[in-house]
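Below is one structure, written out as structure tokens; comments come after it.
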Amino acid sequence: MDNTTFPPFAITPEIDAEANKRISQYPEDKKRSAVLPLLHIVQHNFGFINTEATEWVASKLDLEPMQVHEVVSFYPGLREHSPGKYHMRVCRTLSCAMAGSEELMERLCELTGIDRSQSDSHHNPIAVSPCGQWSVEFAECLASCGTGPVCLVNDDFHEAVNPDSAQELLNKYGKADSPAANS
Amino acid sequence: MSNITYLPGKEPDAREHRLIFKNIDRVGWDNSIDCYIKDGGYEQLKKAFTMEPQAITNEVKTAGLRGRGGAGFPTGVKWGFIPPNNTKPVYLICNCDESEPGTFKDRYIVHQDPHQLIEGMVISAFAVGANTAYIYIREEFPEASEILEKAIEDAREKNFLGDDILGSGFNLEIYLHRGAGAYICGEETGLIESLEGKRPYPRIKPPYFPAALGLYMSPTIVNNVESLCHVKHIIGMGGDEYAKLGTPRNTGTRILCVSGDVKKPGYYEVEVGKITMGELLNDVCGGPKDGRSFKAVIPGGSSAKIMRCEETYQIKNPDGSQRELSFYDIPMDFDTIAACGSMAGSGGVIVMDDSRKISWVLNNINHFYAHESCGQCTPCREGSMWMRKISDRIVNGQATPEDVQTLEDVAYQIDGRTVCAFGEAASWPVEAIISKFRDELEAETSEKNEYLSEEAKRQLSFINL
Ligand SMILES: Cc1cc2nc3c(=O)[nH]c(=O)nc-3n(C[C@H](O)[C@H](O)[C@H](O)COP(=O)(O)O)c2cc1C
Ligand code: SF4
Ligand code: FES
């Protein structure tokens, strides 16, 4: 996709200062502990973690890039490819599934034109809409099982999103961008 | 509690006893430090500083507090495992990974009452001699992370954290460490590896009991959010007074999170063991949905063994005699639920009514564990995937009765043969569902069943030649 959604990877003095603050929260000889915090900084600012970013984190922490990459490749919460501008994580675990989260996912995909047929839970969990604005992913239990179905859109948490209110949810973010709204 | 009002529709049930959740959904309450202090916050910390650290640990032991994270291990006893002649730094870690399906209690504490947690942590850190503490919080709580960062900053400004806290001579820094969406980081040694910046592969116990060899191979106490909050109340009330709440060996209050097929799902803080399964589901949660009846309940997070609602159990009395207990008469405590073959776990009660097909439930759970296995040991990595594939076949109508048998065999080959308790977490649900609902699963896989695909029928005809 085009890179209009996220700025290209570039470390500003502010980002570097934030990284240094995080590093200082661990014992001096245990800098490696800051690998997740630094990766979060990267992902928050640039949407995903590319090779360049991995190398930067490694150099900040005196690690080999591979030691950073093994962390990135393990965690479902860290991404190596760009999601959409609005990344929607729908809980698929038991209580939410009973409340209708699979139907919610279907509705969201219909409304945004996302094709999940090539997705799987391990290697390719994220599917992006053709316009690049939206992406979806099934998440495991988001710890709000009493108010399912629940989902996260970027950092915003939404509860009791029944499939019928999927459009309403999208409208909060970018009505004009959804193909359903365009058509 | 009489002077406290709650948001409309969110009033506690009359059967609740709110200690930890006193401020949750409270009218006029906010998560600022001023609000907390106005309500008497941080007074228990001042009281704790008048005590010796060992005396605090003793109060926690007297109180009989058992960990609310899953295993129900006595907190004071765990604190006592720090080697007496230790010279390394001690760490305290608050486990806010809250990733066990069905559990949603820590969420409300960290969003609405962060200072209660911080106060509980400072007291606990003082008791165990930790000058650095980390809150390991799941990445999917971004708002709570900001709230906690702010709360830590505010507490530091008022010298509830930092150097020489309130003139006590005790120093403590609390830092927040965000996870990245992996369930295994809730397991305490996986959490520690994650905090060290590595893949969260759990460590083998023994020898790596965190209290002796934890973070950076130093003594480390890992406690759940709710457990640490209880410490504050234990200091406030005194261990003896706290122990009067609940039932013997199952003291205090705990938050039960009810989800699934009940009229009123939600969080309910009750005295441990003072309410039965029936009272919880039928009275507090309003019973089954209209026209439905309860079928099965998972009482302590998805790793706990499922219970069938029409079951009865033979329980040993303290004097050795037996008594019969129906499912609905089980008190919500640690020991009786364990005696009935399941566990109170994390307090996440997941309810299924007669509209749910058990194979679908089984398959959903199997997908969870297959996704979350860290992959470090073979029985769990391969077994959880294999179980998922079999249950996929069952729900798709492609399985044979032999598949049910294979599924059960695989589960028992994982159970007890892995590095960490995830192995049990993944296999117990399968073992329990098969043993309690074998009839249903076999009906779904038999030749005559309505779900069976044409292909599966053809395969069966070859097997039965
Ligand atoms: C697979 C697995 C997942 C766990 N997840 C959590 C969790 O999300 N939160 C938690 O507090 N404890 C969790 N635990 C339990 C922790 O390992 C640990 O026992 C607990 O945090 C100790 O706290 P407590 O003594 O206060 O209960 C998990 C255990 C296992 C085996
Ligand atoms: S039991 Fe599973 S989760 Fe635990 S260490 Fe082994 S592979 Fe990892
Ligand atoms: S099952 Fe969806 S939040 Fe727990």
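For the structure tokens, the naming scheme is as follows: chains receive sequential letters (A, B, ...) according to their order of presentation, residues are indexed from 1 within each chain, and ligands are indexed from 1 in presentation order.
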For chain B versus ligand 2, which residues have an atom no more than 7 Å away, and what is each residue's nearest atom pair and distance in Å rounded to one decimal, using only C-alpha atoms and all ligand atoms, chain-then-number order, as a Markdown table?
```
| residue | atom | partner | partner_atom_place_in_ligand_line | distance |
| --- | --- | --- | --- | --- |
| B:Ile184 | CA | ligand 2 | 3 (S) | 6.1 |
| B:Tyr201 | CA | ligand 2 | 5 (S) | 5.7 |
| B:Pro202 | CA | ligand 2 | 5 (S) | 5.0 |
| B:Ser373 | CA | ligand 2 | 3 (S) | 4.4 |
| B:Cys374 | CA | ligand 2 | 8 (Fe) | 4.0 |
| B:Gly375 | CA | ligand 2 | 7 (S) | 4.1 |
| B:Gln376 | CA | ligand 2 | 7 (S) | 4.1 |
| B:Cys377 | CA | ligand 2 | 7 (S) | 4.1 |
| B:Thr378 | CA | ligand 2 | 7 (S) | 6.5 |
| B:Cys380 | CA | ligand 2 | 2 (Fe) | 4.5 |
| B:Arg381 | CA | ligand 2 | 7 (S) | 5.0 |
| B:Thr418 | CA | ligand 2 | 1 (S) | 4.5 |
| B:Val419 | CA | ligand 2 | 5 (S) | 4.6 |
| B:Cys420 | CA | ligand 2 | 4 (Fe) | 4.0 |
| B:Ala421 | CA | ligand 2 | 1 (S) | 6.0 |
| B:Phe422 | CA | ligand 2 | 1 (S) | 4.7 |
| B:Gly423 | CA | ligand 2 | 1 (S) | 4.2 |
```
What's the 7 Å shell around Asn250 of chain B, counting only C-alpha atoms, without same-chain residues fewer than 4 positions away, as an NGL selection string? :B and (246 or 272-273 or 333-334)
How would the residues just chosen look if you wrote them out with all heavy atoms as a PDB file, in the first residue's frame?
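Wrote it out as result22.pdb, contents follow:
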```
ATOM      1  N   GLY B 246     -15.373 -14.275  54.361  1.00  0.00           N
ATOM      2  CA  GLY B 246     -15.242 -15.529  53.634  1.00  0.00           C
ATOM      3  C   GLY B 246     -15.404 -16.717  54.557  1.00  0.00           C
ATOM      4  O   GLY B 246     -16.096 -16.637  55.577  1.00  0.00           O
ATOM      5  N   VAL B 272     -15.578 -14.930  49.764  1.00  0.00           N
ATOM      6  CA  VAL B 272     -15.230 -16.226  49.188  1.00  0.00           C
ATOM      7  C   VAL B 272     -16.031 -17.332  49.883  1.00  0.00           C
ATOM      8  O   VAL B 272     -16.058 -17.420  51.112  1.00  0.00           O
ATOM      9  CB  VAL B 272     -13.715 -16.506  49.325  1.00  0.00           C
ATOM     10  CG1 VAL B 272     -13.360 -17.824  48.653  1.00  0.00           C
ATOM     11  CG2 VAL B 272     -12.904 -15.376  48.722  1.00  0.00           C
ATOM     12  N   GLY B 273     -16.709 -18.128  49.099  1.00  0.00           N
ATOM     13  CA  GLY B 273     -17.422 -19.280  49.648  1.00  0.00           C
ATOM     14  C   GLY B 273     -18.744 -18.964  50.316  1.00  0.00           C
ATOM     15  O   GLY B 273     -19.448 -19.865  50.771  1.00  0.00           O
ATOM     16  N   ASP B 333     -15.782 -21.135  46.387  1.00  0.00           N
ATOM     17  CA  ASP B 333     -14.518 -20.968  47.086  1.00  0.00           C
ATOM     18  C   ASP B 333     -13.430 -21.717  46.309  1.00  0.00           C
ATOM     19  O   ASP B 333     -13.682 -22.227  45.217  1.00  0.00           O
ATOM     20  CB  ASP B 333     -14.628 -21.502  48.525  1.00  0.00           C
ATOM     21  CG  ASP B 333     -14.903 -23.001  48.555  1.00  0.00           C
ATOM     22  OD1 ASP B 333     -14.779 -23.666  47.508  1.00  0.00           O
ATOM     23  OD2 ASP B 333     -15.250 -23.522  49.633  1.00  0.00           O
ATOM     24  N   PHE B 334     -12.230 -21.771  46.860  1.00  0.00           N
ATOM     25  CA  PHE B 334     -11.144 -22.478  46.175  1.00  0.00           C
ATOM     26  C   PHE B 334     -11.294 -23.999  46.339  1.00  0.00           C
ATOM     27  O   PHE B 334     -11.222 -24.756  45.380  1.00  0.00           O
ATOM     28  CB  PHE B 334      -9.777 -22.061  46.741  1.00  0.00           C
ATOM     29  CG  PHE B 334      -9.395 -20.647  46.435  1.00  0.00           C
ATOM     30  CD1 PHE B 334      -9.639 -19.632  47.354  1.00  0.00           C
ATOM     31  CD2 PHE B 334      -8.780 -20.330  45.231  1.00  0.00           C
ATOM     32  CE1 PHE B 334      -9.266 -18.315  47.069  1.00  0.00           C
ATOM     33  CE2 PHE B 334      -8.411 -19.016  44.952  1.00  0.00           C
ATOM     34  CZ  PHE B 334      -8.656 -18.011  45.871  1.00  0.00           C
TER      35      PHE B 334
END
```
Contacts of segment 23-26 of chain A at 12 Å or less, counting only C-alpha atoms, minus same-chain residues fewer than 2 places along, as a ChimeraX atom specification? /A:16-21,28-39,41,57,60-62 /B:91,132-134,173-177,195-197,215-216
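Assigned to strand (DSSP E) in segment 15-176 of chain A, given DSSP computed from backbone atoms, are Tyr86, His87, Met88, Arg89, Val90, Cys91, Ala127, Val128, Trp134, Ser135, Val136, Glu137, Phe138, Ala139, Cys151, Leu152, Val153, Asp156, Phe157 and His158 of chain A.
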Select all residues from chain A having any atom no more than 6 Å from an atom of chain B (counting only C-alpha atoms, ignoring ligands), output as an mmCIF file with N, CA and C atoms, in the first residue's frame.
```
data_model
loop_
_atom_site.group_PDB
_atom_site.id
_atom_site.type_symbol
_atom_site.label_atom_id
_atom_site.label_comp_id
_atom_site.auth_asym_id
_atom_site.auth_seq_id
_atom_site.Cartn_x
_atom_site.Cartn_y
_atom_site.Cartn_z
ATOM 1 N N ARG A 32 18.590 -4.812 27.666
ATOM 2 C CA ARG A 32 17.777 -5.646 26.780
ATOM 3 C C ARG A 32 16.303 -5.625 27.176
ATOM 4 N N SER A 33 16.043 -5.419 28.467
ATOM 5 C CA SER A 33 14.660 -5.360 28.943
ATOM 6 C C SER A 33 13.833 -4.312 28.207
ATOM 7 N N VAL A 35 13.531 -3.808 25.188
ATOM 8 C CA VAL A 35 13.223 -4.123 23.787
ATOM 9 C C VAL A 35 11.732 -3.951 23.479
ATOM 10 N N VAL A 71 12.045 -11.338 18.915
ATOM 11 C CA VAL A 71 10.971 -10.823 19.760
ATOM 12 C C VAL A 71 9.811 -10.343 18.884
ATOM 13 N N TYR A 75 5.555 -11.982 19.021
ATOM 14 C CA TYR A 75 4.368 -11.393 19.651
ATOM 15 C C TYR A 75 3.281 -11.006 18.648
ATOM 16 N N PRO A 76 2.047 -11.459 18.895
ATOM 17 C CA PRO A 76 0.952 -11.072 18.001
ATOM 18 C C PRO A 76 0.716 -9.556 18.008
ATOM 19 N N GLY A 77 1.139 -8.882 19.078
ATOM 20 C CA GLY A 77 0.895 -7.446 19.171
ATOM 21 C C GLY A 77 1.910 -6.599 18.415
ATOM 22 N N SER A 95 -16.423 -16.134 25.158
ATOM 23 C CA SER A 95 -17.576 -15.325 25.562
ATOM 24 C C SER A 95 -17.981 -14.353 24.459
ATOM 25 N N CYS A 141 -9.052 -13.126 23.753
ATOM 26 C CA CYS A 141 -9.729 -12.475 24.883
ATOM 27 C C CYS A 141 -9.143 -11.130 25.309
ATOM 28 N N ALA A 143 -10.245 -9.310 27.748
ATOM 29 C CA ALA A 143 -10.545 -9.069 29.162
ATOM 30 C C ALA A 143 -11.721 -8.120 29.364
ATOM 31 N N SER A 144 -12.768 -8.374 28.621
ATOM 32 C CA SER A 144 -14.019 -7.668 28.878
ATOM 33 C C SER A 144 -15.171 -8.584 28.472
ATOM 34 N N CYS A 145 -15.050 -9.835 28.890
ATOM 35 C CA CYS A 145 -15.920 -10.891 28.386
ATOM 36 C C CYS A 145 -17.388 -10.682 28.737
ATOM 37 N N GLY A 146 -17.658 -9.879 29.751
ATOM 38 C CA GLY A 146 -19.045 -9.658 30.157
ATOM 39 C C GLY A 146 -19.783 -8.683 29.258
ATOM 40 N N ASP A 155 -6.128 2.422 19.455
ATOM 41 C CA ASP A 155 -6.058 2.309 20.916
ATOM 42 C C ASP A 155 -7.403 2.506 21.608
#
```
Throw together the list of residues within 8 Å of ligand 1, counting only C-alpha atoms and all ligand atoms, and drop it here as a PyMOL selection string. chain B and resi 66-75+78+94-100+183-189+222-228+346+420-423+425
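For segment 8-40 of chain A, backbone-based DSSP assignment of alpha helix (DSSP H) covers Pro13, Glu14, Ile15, Asp16, Ala17, Glu18, Ala19, Asn20, Lys21, Arg22, Ile23, Val35, Leu36, Pro37, Leu38, Leu39 and His40 of chain A.
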Selection file, N, CA, C and O atoms, as a compact mmCIF listing (two decimals), in the first residue's frame:
```txt
# COMPACT_ATOMS: atom_id res chain seq x y z
N PRO A 13 14.63 13.66 17.64
CA PRO A 13 15.19 13.81 18.99
C PRO A 13 14.17 13.45 20.08
O PRO A 13 14.53 12.87 21.11
N GLU A 14 12.88 13.74 19.83
CA GLU A 14 11.85 13.41 20.84
C GLU A 14 11.75 11.90 21.03
O GLU A 14 11.67 11.40 22.15
N ILE A 15 11.72 11.20 19.89
CA ILE A 15 11.60 9.74 19.98
C ILE A 15 12.83 9.16 20.67
O ILE A 15 12.73 8.28 21.53
N ASP A 16 13.98 9.71 20.34
CA ASP A 16 15.20 9.20 20.96
C ASP A 16 15.18 9.44 22.47
O ASP A 16 15.57 8.57 23.26
N ALA A 17 14.69 10.60 22.87
CA ALA A 17 14.62 10.92 24.30
C ALA A 17 13.65 9.98 25.01
O ALA A 17 13.93 9.50 26.12
N GLU A 18 12.53 9.72 24.35
CA GLU A 18 11.55 8.79 24.94
C GLU A 18 12.18 7.41 25.12
O GLU A 18 12.00 6.76 26.15
N ALA A 19 12.92 6.99 24.11
CA ALA A 19 13.58 5.69 24.18
C ALA A 19 14.59 5.66 25.33
O ALA A 19 14.62 4.71 26.12
N ASN A 20 15.35 6.74 25.47
CA ASN A 20 16.34 6.77 26.55
C ASN A 20 15.68 6.73 27.91
O ASN A 20 16.18 6.11 28.85
N LYS A 21 14.52 7.39 28.02
CA LYS A 21 13.80 7.37 29.30
C LYS A 21 13.39 5.93 29.63
O LYS A 21 13.56 5.47 30.76
N ARG A 22 12.89 5.23 28.64
CA ARG A 22 12.48 3.83 28.87
C ARG A 22 13.68 2.98 29.27
O ARG A 22 13.61 2.16 30.19
N ILE A 23 14.78 3.17 28.57
CA ILE A 23 15.98 2.36 28.87
C ILE A 23 16.41 2.58 30.32
O ILE A 23 16.83 1.65 31.01
N VAL A 35 13.53 -3.81 25.19
CA VAL A 35 13.22 -4.12 23.79
C VAL A 35 11.73 -3.95 23.48
O VAL A 35 11.37 -3.30 22.50
N LEU A 36 10.86 -4.45 24.34
CA LEU A 36 9.42 -4.24 24.07
C LEU A 36 9.03 -2.76 24.13
O LEU A 36 8.37 -2.27 23.22
N PRO A 37 9.43 -2.05 25.17
CA PRO A 37 9.10 -0.61 25.20
C PRO A 37 9.56 0.12 23.94
O PRO A 37 8.81 0.95 23.39
N LEU A 38 10.78 -0.16 23.48
CA LEU A 38 11.26 0.54 22.28
C LEU A 38 10.48 0.13 21.04
O LEU A 38 10.18 0.96 20.18
N LEU A 39 10.16 -1.14 20.96
CA LEU A 39 9.37 -1.58 19.80
C LEU A 39 7.99 -0.94 19.82
O LEU A 39 7.44 -0.60 18.77
N HIS A 40 7.43 -0.76 21.01
CA HIS A 40 6.14 -0.07 21.09
C HIS A 40 6.25 1.37 20.60
O HIS A 40 5.35 1.88 19.92
```
Who sits within 7 Å of Asn366 of chain B, only C-alpha atoms, same chain under 6 positions skipped, as a list of chain:residue names: B:Ser384, B:Met387, B:Arg388
Atoms to include: N, CA and C atoms. Write the selected residues as a PDB file, in the first residue's frame.
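Generated output (result.pdb):
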```pdb
ATOM      1  N   SER B 384      -1.404 -28.973  20.961  1.00  0.00           N
ATOM      2  CA  SER B 384      -2.478 -27.970  20.923  1.00  0.00           C
ATOM      3  C   SER B 384      -2.958 -27.761  19.481  1.00  0.00           C
ATOM      4  N   MET B 387      -5.024 -30.907  18.521  1.00  0.00           N
ATOM      5  CA  MET B 387      -6.365 -30.865  19.118  1.00  0.00           C
ATOM      6  C   MET B 387      -7.269 -29.899  18.351  1.00  0.00           C
ATOM      7  N   ARG B 388      -6.688 -28.788  17.944  1.00  0.00           N
ATOM      8  CA  ARG B 388      -7.478 -27.824  17.183  1.00  0.00           C
ATOM      9  C   ARG B 388      -7.920 -28.411  15.843  1.00  0.00           C
TER      10      ARG B 388
END
```
Nearby residues (only C-alpha atoms) at most 8 Å from segment 111-115 of chain A, same-chain spacing under 2 positions excluded, as a PyMOL selection string: chain A and resi 107-109+117-118+127-130+134-136+167+178-180
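Proximity of B:Leu191, B:Ser427, B:Glu455, B:Ile414 to Gln398 of chain B, computed with only C-alpha atoms, is greatest for B:Glu455.
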Could you produce a table of the residues of chain A lying within 10 Å of ligand 3, with the nearest pair of atoms per residue and their separation in Å rounded to one decimal, using only C-alpha atoms and all ligand atoms, ordered by chain and increasing residue number, as a tab-separated table?
```
residue	atom	partner	partner_atom_place_in_ligand_line	distance
A:Val90	CA	ligand 3	2 (Fe)	8.1
A:Cys91	CA	ligand 3	2 (Fe)	4.7
A:Arg92	CA	ligand 3	2 (Fe)	6.1
A:Thr93	CA	ligand 3	1 (S)	4.2
A:Leu94	CA	ligand 3	1 (S)	5.1
A:Ser95	CA	ligand 3	1 (S)	4.2
A:Cys96	CA	ligand 3	2 (Fe)	4.2
A:Ala97	CA	ligand 3	1 (S)	7.0
A:Met98	CA	ligand 3	1 (S)	8.6
A:Ala99	CA	ligand 3	2 (Fe)	8.8
A:Ser101	CA	ligand 3	2 (Fe)	8.2
A:Ala139	CA	ligand 3	2 (Fe)	8.3
A:Glu140	CA	ligand 3	2 (Fe)	6.8
A:Cys141	CA	ligand 3	4 (Fe)	3.8
A:Leu142	CA	ligand 3	3 (S)	3.9
A:Ala143	CA	ligand 3	3 (S)	4.3
A:Ser144	CA	ligand 3	3 (S)	4.0
A:Cys145	CA	ligand 3	4 (Fe)	3.6
A:Gly146	CA	ligand 3	3 (S)	7.3
A:Thr147	CA	ligand 3	3 (S)	7.5
A:Gly148	CA	ligand 3	2 (Fe)	5.8
A:Pro149	CA	ligand 3	2 (Fe)	6.3
A:Val150	CA	ligand 3	2 (Fe)	6.0
A:Cys151	CA	ligand 3	2 (Fe)	8.1
A:Glu159	CA	ligand 3	3 (S)	8.8
```
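By chain and then residue number, the residues within 9 Å of Val153 of chain A are Tyr86, His87, Met88, Arg89, Val90, Asp156, Phe157, His158 and Tyr173 of chain A, counting only C-alpha atoms and disregarding those fewer than 3 positions away in sequence.
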Find the residues near Val122 of chain B: any atom within 10 Å, counting only C-alpha atoms, skip ones fewer than 6 places away on the same chain, and give them as a PyMOL selection string. chain B and resi 42+45+48+92+130-133+160-161+165+170-174+228+231-232
